[in-house]
Structure formats: C-alpha cells, structure tokens
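Q: This one is my_file_30.txt, compact mmCIF, C-alpha atoms.
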# COMPACT_ATOMS: atom_id res chain seq x y z
CA MET A 797 12.50 -35.96 0.79
CA THR A 798 9.06 -34.43 1.39
CA ASP A 799 6.28 -36.92 1.91
CA PRO A 800 3.82 -36.25 -0.95
CA SER A 801 0.89 -37.32 1.16
CA SER A 802 1.88 -34.85 3.89
CA GLU A 803 2.28 -32.07 1.31
CA ASP A 804 -1.14 -32.94 -0.16
CA ALA A 805 -2.69 -32.84 3.29
CA LEU A 806 -1.05 -29.50 4.03
CA ASN A 807 -2.35 -28.04 0.76
CA ALA A 808 -5.83 -29.39 1.43
CA ARG A 809 -5.94 -27.85 4.91
CA HIS A 810 -4.68 -24.54 3.53
CA ASN A 811 -7.24 -24.52 0.73
CA GLU A 812 -10.09 -25.27 3.12
CA LYS A 813 -8.90 -22.54 5.48
CA MET A 814 -8.79 -20.02 2.63
CA ARG A 815 -12.24 -21.13 1.41
CA LYS A 816 -13.74 -20.41 4.83
CA HIS A 817 -11.82 -17.16 5.04
CA LYS A 818 -13.23 -16.02 1.67
CA ILE A 819 -16.78 -16.83 2.75
CA ALA A 820 -16.36 -14.79 5.93
CA ARG A 821 -14.66 -11.96 4.06
CA ASP A 822 -17.32 -11.82 1.36
CA LYS A 823 -20.03 -11.72 4.04
CA LEU A 824 -18.27 -8.83 5.77
CA MET A 825 -17.70 -6.89 2.54
CA ALA A 826 -21.37 -7.23 1.61
CA THR A 827 -22.21 -5.05 4.63
CA LYS A 828 -19.89 -2.22 3.51
CA THR A 829 -21.96 -0.30 1.00
CA GLY A 830 -21.62 3.35 2.06
CA GLU A 831 -19.55 6.05 0.39
CA LYS A 832 -18.56 9.48 1.69
CA GLY A 833 -15.86 12.06 1.42
CA LEU A 834 -13.29 11.16 4.05
CA LEU A 835 -11.30 13.37 6.39
CA ILE A 836 -7.94 11.61 6.58
CA VAL A 837 -5.07 12.43 8.93
CA HIS A 838 -1.50 11.16 8.65
CA THR A 839 0.54 12.00 11.74
CA GLY A 840 3.25 10.62 14.02
CA ASN A 841 7.03 10.82 14.27
CA GLY A 842 7.71 8.23 11.59
CA LYS A 843 8.63 8.93 7.99
CA GLY A 844 6.05 8.55 5.24
CA LYS A 845 3.13 10.84 6.08
CA THR A 846 3.33 12.98 2.95
CA SER A 847 4.51 10.01 0.87
CA ALA A 848 1.41 8.00 1.79
CA ALA A 849 -0.83 10.99 1.03
CA LEU A 850 0.83 11.47 -2.34
CA GLY A 851 0.10 7.82 -3.07
CA MET A 852 -3.60 8.66 -2.86
CA VAL A 853 -3.02 11.73 -5.02
CA PHE A 854 -1.46 9.56 -7.72
CA ARG A 855 -4.31 7.06 -7.47
CA HIS A 856 -6.72 9.90 -8.18
CA ILE A 857 -4.59 10.98 -11.13
CA GLY A 858 -4.66 7.40 -12.41
CA HIS A 859 -8.45 7.53 -12.37
CA ASP A 860 -8.50 10.95 -14.10
CA MET A 861 -9.90 12.53 -10.93
CA PRO A 862 -8.67 16.11 -10.31
CA VAL A 863 -6.89 16.85 -7.04
CA GLY A 864 -5.71 19.96 -5.22
CA VAL A 865 -2.54 20.13 -3.14
CA VAL A 866 -1.49 22.85 -0.72
CA GLN A 867 1.95 22.53 0.88
CA PHE A 868 2.08 24.65 4.03
CA THR A 869 5.77 24.47 4.98
CA LYS A 870 7.62 23.45 1.84
CA SER A 871 9.03 26.37 -0.12
CA ALA A 872 8.70 26.97 -3.85
CA LYS A 873 12.48 27.36 -3.79
CA TRP A 874 12.87 23.68 -2.94
CA ASP A 875 13.35 21.34 -5.88
CA THR A 876 11.27 18.38 -4.75
CA GLY A 877 10.49 15.23 -6.70
CA GLU A 878 6.79 15.44 -5.89
CA ALA A 879 6.51 18.99 -7.27
CA ARG A 880 8.25 17.90 -10.48
CA MET A 881 5.95 14.89 -10.81
CA LEU A 882 2.73 16.76 -10.06
CA ALA A 883 3.67 19.42 -12.62
CA LYS A 884 3.44 16.72 -15.31
CA PHE A 885 -0.36 16.60 -14.82
CA PRO A 886 -1.49 20.24 -15.02
CA GLU A 887 -4.96 19.24 -16.21
CA LEU A 888 -5.51 17.09 -13.11
CA VAL A 889 -3.44 18.73 -10.36
CA THR A 890 -3.71 22.18 -8.82
CA LEU A 891 -0.56 22.68 -6.72
CA HIS A 892 0.08 25.57 -4.37
CA ILE A 893 3.45 25.59 -2.58
CA MET A 894 2.76 28.18 0.10
CA GLY A 895 5.46 27.73 2.72
CA GLU A 896 8.74 29.53 3.25
CA GLY A 897 10.67 26.68 4.77
CA PHE A 898 10.83 25.33 8.29
CA THR A 899 9.96 27.68 11.15
CA TRP A 900 13.52 27.57 12.46
CA GLU A 901 14.71 28.81 9.09
CA THR A 902 12.39 31.82 8.76
CA GLN A 903 12.69 32.82 12.43
CA ASP A 904 9.85 35.24 11.77
CA ARG A 905 6.52 34.35 13.42
CA ALA A 906 4.53 37.10 11.70
CA ARG A 907 5.81 35.96 8.32
CA ASP A 908 4.98 32.34 9.09
CA ILE A 909 1.47 33.28 10.18
CA ALA A 910 0.93 35.26 6.98
CA ALA A 911 2.11 32.31 4.87
CA ALA A 912 -0.17 29.95 6.82
CA ARG A 913 -3.14 32.25 6.31
CA ALA A 914 -2.48 32.49 2.57
CA GLY A 915 -2.20 28.72 2.37
CA TRP A 916 -5.44 28.23 4.27
CA GLU A 917 -7.31 30.58 1.95
CA GLN A 918 -6.08 28.52 -1.02
CA ALA A 919 -7.08 25.34 0.80
CA LYS A 920 -10.61 26.57 1.41
CA ALA A 921 -11.00 27.56 -2.23
CA LEU A 922 -9.87 24.11 -3.40
CA ILE A 923 -12.17 22.33 -0.95
CA ARG A 924 -15.15 24.42 -2.03
CA ASP A 925 -14.36 23.88 -5.72
CA ASP A 926 -16.53 21.06 -7.08
CA ARG A 927 -13.84 20.13 -9.61
CA HIS A 928 -11.40 18.59 -7.12
CA GLN A 929 -12.22 15.12 -5.84
CA MET A 930 -9.54 15.26 -3.16
CA VAL A 931 -7.50 18.00 -1.49
CA LEU A 932 -4.20 17.34 0.26
CA LEU A 933 -3.20 19.81 2.98
CA ASP A 934 0.43 18.89 3.44
CA GLU A 935 1.91 19.78 6.87
CA LEU A 936 -1.22 21.61 8.03
CA ASN A 937 -0.68 19.89 11.37
CA ILE A 938 2.57 21.83 11.82
CA VAL A 939 0.74 25.12 11.21
CA LEU A 940 -1.90 24.19 13.77
CA ARG A 941 0.69 23.04 16.30
CA TYR A 942 2.32 26.49 16.30
CA ASP A 943 -1.07 28.26 16.43
CA TYR A 944 -0.51 29.99 13.11
CA LEU A 945 -4.17 29.26 12.39
CA PRO A 946 -6.97 28.91 14.98
CA ILE A 947 -7.92 25.26 15.36
CA ASP A 948 -11.60 26.23 15.82
CA GLU A 949 -11.63 27.99 12.44
CA VAL A 950 -10.17 24.97 10.67
CA LEU A 951 -12.44 22.44 12.33
CA ASP A 952 -15.56 24.57 11.81
CA PHE A 953 -14.80 24.88 8.11
CA LEU A 954 -14.13 21.16 7.67
CA ARG A 955 -17.35 20.30 9.52
CA ASP A 956 -19.63 22.91 7.95
CA GLU A 957 -18.26 23.60 4.47
CA LYS A 958 -16.43 20.53 3.22
CA PRO A 959 -18.62 18.93 0.55
CA ALA A 960 -19.96 15.58 1.69
CA ASP A 961 -18.32 13.67 -1.17
CA LYS A 962 -14.88 15.32 -1.04
CA HIS A 963 -11.80 13.69 0.50
CA VAL A 964 -9.46 15.93 2.50
CA VAL A 965 -6.07 14.61 3.62
CA ILE A 966 -4.04 16.38 6.32
CA THR A 967 -0.45 15.50 7.13
CA GLY A 968 2.17 16.46 9.69
CA ARG A 969 3.38 15.55 13.14
CA ASN A 970 1.47 16.27 16.33
CA ALA A 971 -2.04 16.30 14.92
CA HIS A 972 -4.43 18.13 17.22
CA ASP A 973 -6.55 15.83 19.40
CA ARG A 974 -9.75 17.48 18.17
CA LEU A 975 -8.77 16.96 14.53
CA ILE A 976 -8.06 13.31 15.26
CA GLU A 977 -11.47 12.99 16.90
CA MET A 978 -13.20 14.53 13.87
CA ALA A 979 -11.32 12.50 11.24
CA ASP A 980 -12.66 9.36 9.58
CA LEU A 981 -9.25 7.77 9.05
CA VAL A 982 -6.15 8.40 11.16
CA THR A 983 -2.74 6.82 10.71
CA ASP A 984 0.05 7.36 13.25
CA MET A 985 3.42 6.72 11.62
CA THR A 986 5.79 5.16 14.16
CA MET A 987 9.54 5.60 13.77
CA VAL A 988 11.45 2.39 14.46
CA LYS A 989 14.75 3.36 12.82
CA HIS A 990 15.86 6.39 10.83
CA PRO A 991 19.18 6.89 8.99
CA PHE A 992 19.38 10.51 10.18
CA ARG A 993 20.39 9.15 13.58
CA GLN A 994 23.34 7.43 11.92
CA GLY A 995 24.47 10.67 10.33
CA ILE A 996 22.79 10.15 6.95
CA LYS A 997 21.44 13.35 5.42
CA ALA A 998 18.15 13.79 3.56
CA GLN A 999 18.55 12.28 0.10
CA LYS A 1000 17.02 12.99 -3.30
CA GLY A 1001 14.26 10.55 -4.13
CA ILE A 1002 13.80 9.53 -0.50
CA GLU A 1003 13.09 12.72 1.42
CA PHE A 1004 12.54 15.13 -1.47
As a first step, turn the structure in this file into structure tokens.
A:
Amino acid sequence: MTDPSSEDALNARHNEKMRKHKIARDKLMATKTGEKGLLIVHTGNGKGKTSAALGMVFRHIGHDMPVGVVQFTKSAKWDTGEARMLAKFPELVTLHIMGEGFTWETQDRARDIAAARAGWEQAKALIRDDRHQMVLLDELNIVLRYDYLPIDEVLDFLRDEKPADKHVVITGRNAHDRLIEMADLVTDMTMVKHPFRQGIKAQKGIEF
C-alpha cells in the first residue's frame, strides 16, 4: 500500500518544481518577441521530411493562410495522398507537381534539368506572390545535389528576393552546406529503423 504522506510529499515536490519551471519558462518566452519569414530545411536520411513540412502546410490551411507547394521529383502520374488532400483546398493551396519521377527512372539528365528549371520558375513566382504565406519546395535538395540548378542562383534568390515575412520550406536528403548555413531552422531526420530493410515495400498512407 502506498504511504499517503509519501505520495503527498511527492506531489508537493513535483508541483513546486513545475512552479519554478513555469516562472523560468515565462521569463524566457517574454524575451522572444520577434517575427520573420523563416527559411526552413528538412534533410537527413530518415523518413518524415516531406511529412513534417506538410504538417506546417496543413497548419496554414487551418488558419486560412494560403500556401504554395512545388514538388520537384514527384510525378503528376503518382496518386499520392498529399496531392488528393491538398486538392480539397483549392482556394488556399496552389500545387505544382513538376517532377517526372526519380532520376534513376527517367535516366535522362537533360529532361531532369528541364523539369527542375520549370519547377524553380514556378517556385520563384509563388515566393514573389504576396498571396502565399508559405511556400514548400519539396525535394529541392535532390535537384541541387545533382546540380540540376545552380546553388548560387537559388541562394541569391532566397537572400535577395524572398519577402521578409514569407516562410519557405525546403526538403530532401543531402541539403547543401551553404543552404544549411543560410537557413533559420534546420532539422536532420535520422533513420534508426526502416521497414524497407526488412523487405517491406512503400505503402499507401505511409509513404504516399
């Protein structure tokens, strides 16, 4: 049987600890008053980069804040859950699916470069457009990794032409070191376990 007095003492210590924690937290939060449009990068070998970015997209939708999405490697031929969901909010979401599949599927560098260029032109238009509060550039890191777009061009545009109050989110493995340096928020997804290694294929609702 639990000693009531011991339980009361434990609760009292916990409550006092949380009281002090709240005071310290409130003091810290009072110093955080700035707002700005963030450059956000999701990279790493772990799963969840696009999924986390889409979470922010859906938060914007929930607040009736328009967003733009450019998918650089996914193909319009793919039937993805996110494309179906985003299509339900045409008044709030501008979606451009600009890819032609993975590079090992196209096996055509010139074609991949042309698709990347078209996607980047759409991305720049969305970023310049005052209507969109956030723009997601899904898998842009892959395009930059294969030099389908010059990294200097991308960084110069983000530094010089991105509106100060606009959020831009970039996903994909192997983010360029200079992009990471420029970004305000960088998350590196670490893979601990993945079912693919146990022979499990990509599944509807999980990967697409």
Q: List the spatial neighbours of Ile947 of chain A as a VMD selection string - criterion: any atom at most 9 Å away, all atoms listed in the file, same-chain residues fewer than 3 positions off excluded.
A: chain A and resid 940 to 941 943 950 to 952 972 974 to 975
Q: Output C-alpha atoms for every residue in the selection just made, as an mmCIF file, in the coordinates of the input.
A:
data_model
loop_
_atom_site.group_PDB
_atom_site.id
_atom_site.type_symbol
_atom_site.label_atom_id
_atom_site.label_comp_id
_atom_site.auth_asym_id
_atom_site.auth_seq_id
_atom_site.Cartn_x
_atom_site.Cartn_y
_atom_site.Cartn_z
ATOM 1 C CA LEU A 940 -1.900 24.190 13.770
ATOM 2 C CA ARG A 941 0.690 23.040 16.300
ATOM 3 C CA ASP A 943 -1.070 28.260 16.430
ATOM 4 C CA VAL A 950 -10.170 24.970 10.670
ATOM 5 C CA LEU A 951 -12.440 22.440 12.330
ATOM 6 C CA ASP A 952 -15.560 24.570 11.810
ATOM 7 C CA HIS A 972 -4.430 18.130 17.220
ATOM 8 C CA ARG A 974 -9.750 17.480 18.170
ATOM 9 C CA LEU A 975 -8.770 16.960 14.530
#
Q: Rank A:Lys958, A:Lys873, A:Arg821, A:His838 by their smallest atom-to-atom distance to Ala921 of chain A, using all atoms listed in the file, and report the top residue only.
A: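 Answer, going by the shortest atom-to-atom distance: A:Lys958.
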Q: As an exercise, work out the distance from atom CA of Thr890 of chain A to atom CA of His928 of chain A in Å and give it to one decimal place.
A: 8.7 Å
Q: What separation in Å, quoted to one decimal, exists between atom CA of Gln994 of chain A and atom CA of Val939 of chain A?
A: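 The value is 28.7 Å.
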Q: Just checking: using only C-alpha atoms, which residue out of A:Asp822, A:Asp961, A:Glu878, A:Asp980 ends up closest to Val931 of chain A?
A: A:Asp961
Q: At a cut-off of 10 Å from (1.8, 30.8, 9.3) in the coordinates of the file, what residues are picked up using only C-alpha atoms, written as a PyMOL selection string?
A: chain A and resi 868-869+894-896+899+904-916+936+938-940+942-945
Q: Emit the selected residues as a PDB file, in the coordinates of the input, including C-alpha atoms.
A:
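Output contents, as saved in selection_1.pdb:
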ATOM      1  CA  PHE A 868       2.080  24.650   4.030  1.00  0.00           C
ATOM      2  CA  THR A 869       5.770  24.470   4.980  1.00  0.00           C
ATOM      3  CA  MET A 894       2.760  28.180   0.100  1.00  0.00           C
ATOM      4  CA  GLY A 895       5.460  27.730   2.720  1.00  0.00           C
ATOM      5  CA  GLU A 896       8.740  29.530   3.250  1.00  0.00           C
ATOM      6  CA  THR A 899       9.960  27.680  11.150  1.00  0.00           C
ATOM      7  CA  ASP A 904       9.850  35.240  11.770  1.00  0.00           C
ATOM      8  CA  ARG A 905       6.520  34.350  13.420  1.00  0.00           C
ATOM      9  CA  ALA A 906       4.530  37.100  11.700  1.00  0.00           C
ATOM     10  CA  ARG A 907       5.810  35.960   8.320  1.00  0.00           C
ATOM     11  CA  ASP A 908       4.980  32.340   9.090  1.00  0.00           C
ATOM     12  CA  ILE A 909       1.470  33.280  10.180  1.00  0.00           C
ATOM     13  CA  ALA A 910       0.930  35.260   6.980  1.00  0.00           C
ATOM     14  CA  ALA A 911       2.110  32.310   4.870  1.00  0.00           C
ATOM     15  CA  ALA A 912      -0.170  29.950   6.820  1.00  0.00           C
ATOM     16  CA  ARG A 913      -3.140  32.250   6.310  1.00  0.00           C
ATOM     17  CA  ALA A 914      -2.480  32.490   2.570  1.00  0.00           C
ATOM     18  CA  GLY A 915      -2.200  28.720   2.370  1.00  0.00           C
ATOM     19  CA  TRP A 916      -5.440  28.230   4.270  1.00  0.00           C
ATOM     20  CA  LEU A 936      -1.220  21.610   8.030  1.00  0.00           C
ATOM     21  CA  ILE A 938       2.570  21.830  11.820  1.00  0.00           C
ATOM     22  CA  VAL A 939       0.740  25.120  11.210  1.00  0.00           C
ATOM     23  CA  LEU A 940      -1.900  24.190  13.770  1.00  0.00           C
ATOM     24  CA  TYR A 942       2.320  26.490  16.300  1.00  0.00           C
ATOM     25  CA  ASP A 943      -1.070  28.260  16.430  1.00  0.00           C
ATOM     26  CA  TYR A 944      -0.510  29.990  13.110  1.00  0.00           C
ATOM     27  CA  LEU A 945      -4.170  29.260  12.390  1.00  0.00           C
TER      28      LEU A 945
END
Q: Could you please determine the separation between atom CA of Val837 of chain A and atom CA of Leu932 of chain A in Å, to one decimal place?
A: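 These atoms are spaced 10.0 Å apart.
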Q: Would you please work out which residue, of A:Lys920, A:Glu812, A:Ile1002, A:Gly830, is nearest to Glu949 of chain A when using all atoms listed in the file?
A: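 Going through A:Lys920, A:Glu812, A:Ile1002, A:Gly830 one by one, the smallest distance to Glu949 of chain A is for A:Lys920.
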Q: Pick out the closest residue to Asp860 of chain A from this set: A:Pro886, A:Pro991, A:Gly833, A:Gly1001. Count only C-alpha atoms.
A: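 Of the candidates, the smallest distance to Asp860 of chain A is held by A:Pro886.
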Q: Quick one: of A:Met861, A:Arg969, A:Ala960, A:Ala872, who's nearest to Val889 of chain A, counting only C-alpha atoms?
A: A:Met861
Q: Using only C-alpha atoms, pick whichever of A:Gln999, A:Ser847, A:Thr827, A:Ser871 has the shortest atom-to-atom distance to Val965 of chain A.
A: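 Result for the nearest residue to Val965 of chain A: A:Ser847.
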Q: As a PDB file with C-alpha atoms, keeping the file's coordinate frame, please: the residues near His963 of chain A (cut-off 8 Å, only C-alpha atoms, same-chain neighbours under 3 positions excluded).
A:
ATOM      1  CA  GLY A 833     -15.860  12.060   1.420  1.00  0.00           C
ATOM      2  CA  LEU A 834     -13.290  11.160   4.050  1.00  0.00           C
ATOM      3  CA  LEU A 835     -11.300  13.370   6.390  1.00  0.00           C
ATOM      4  CA  ILE A 836      -7.940  11.610   6.580  1.00  0.00           C
ATOM      5  CA  GLN A 929     -12.220  15.120  -5.840  1.00  0.00           C
ATOM      6  CA  MET A 930      -9.540  15.260  -3.160  1.00  0.00           C
ATOM      7  CA  VAL A 931      -7.500  18.000  -1.490  1.00  0.00           C
TER       8      VAL A 931
END
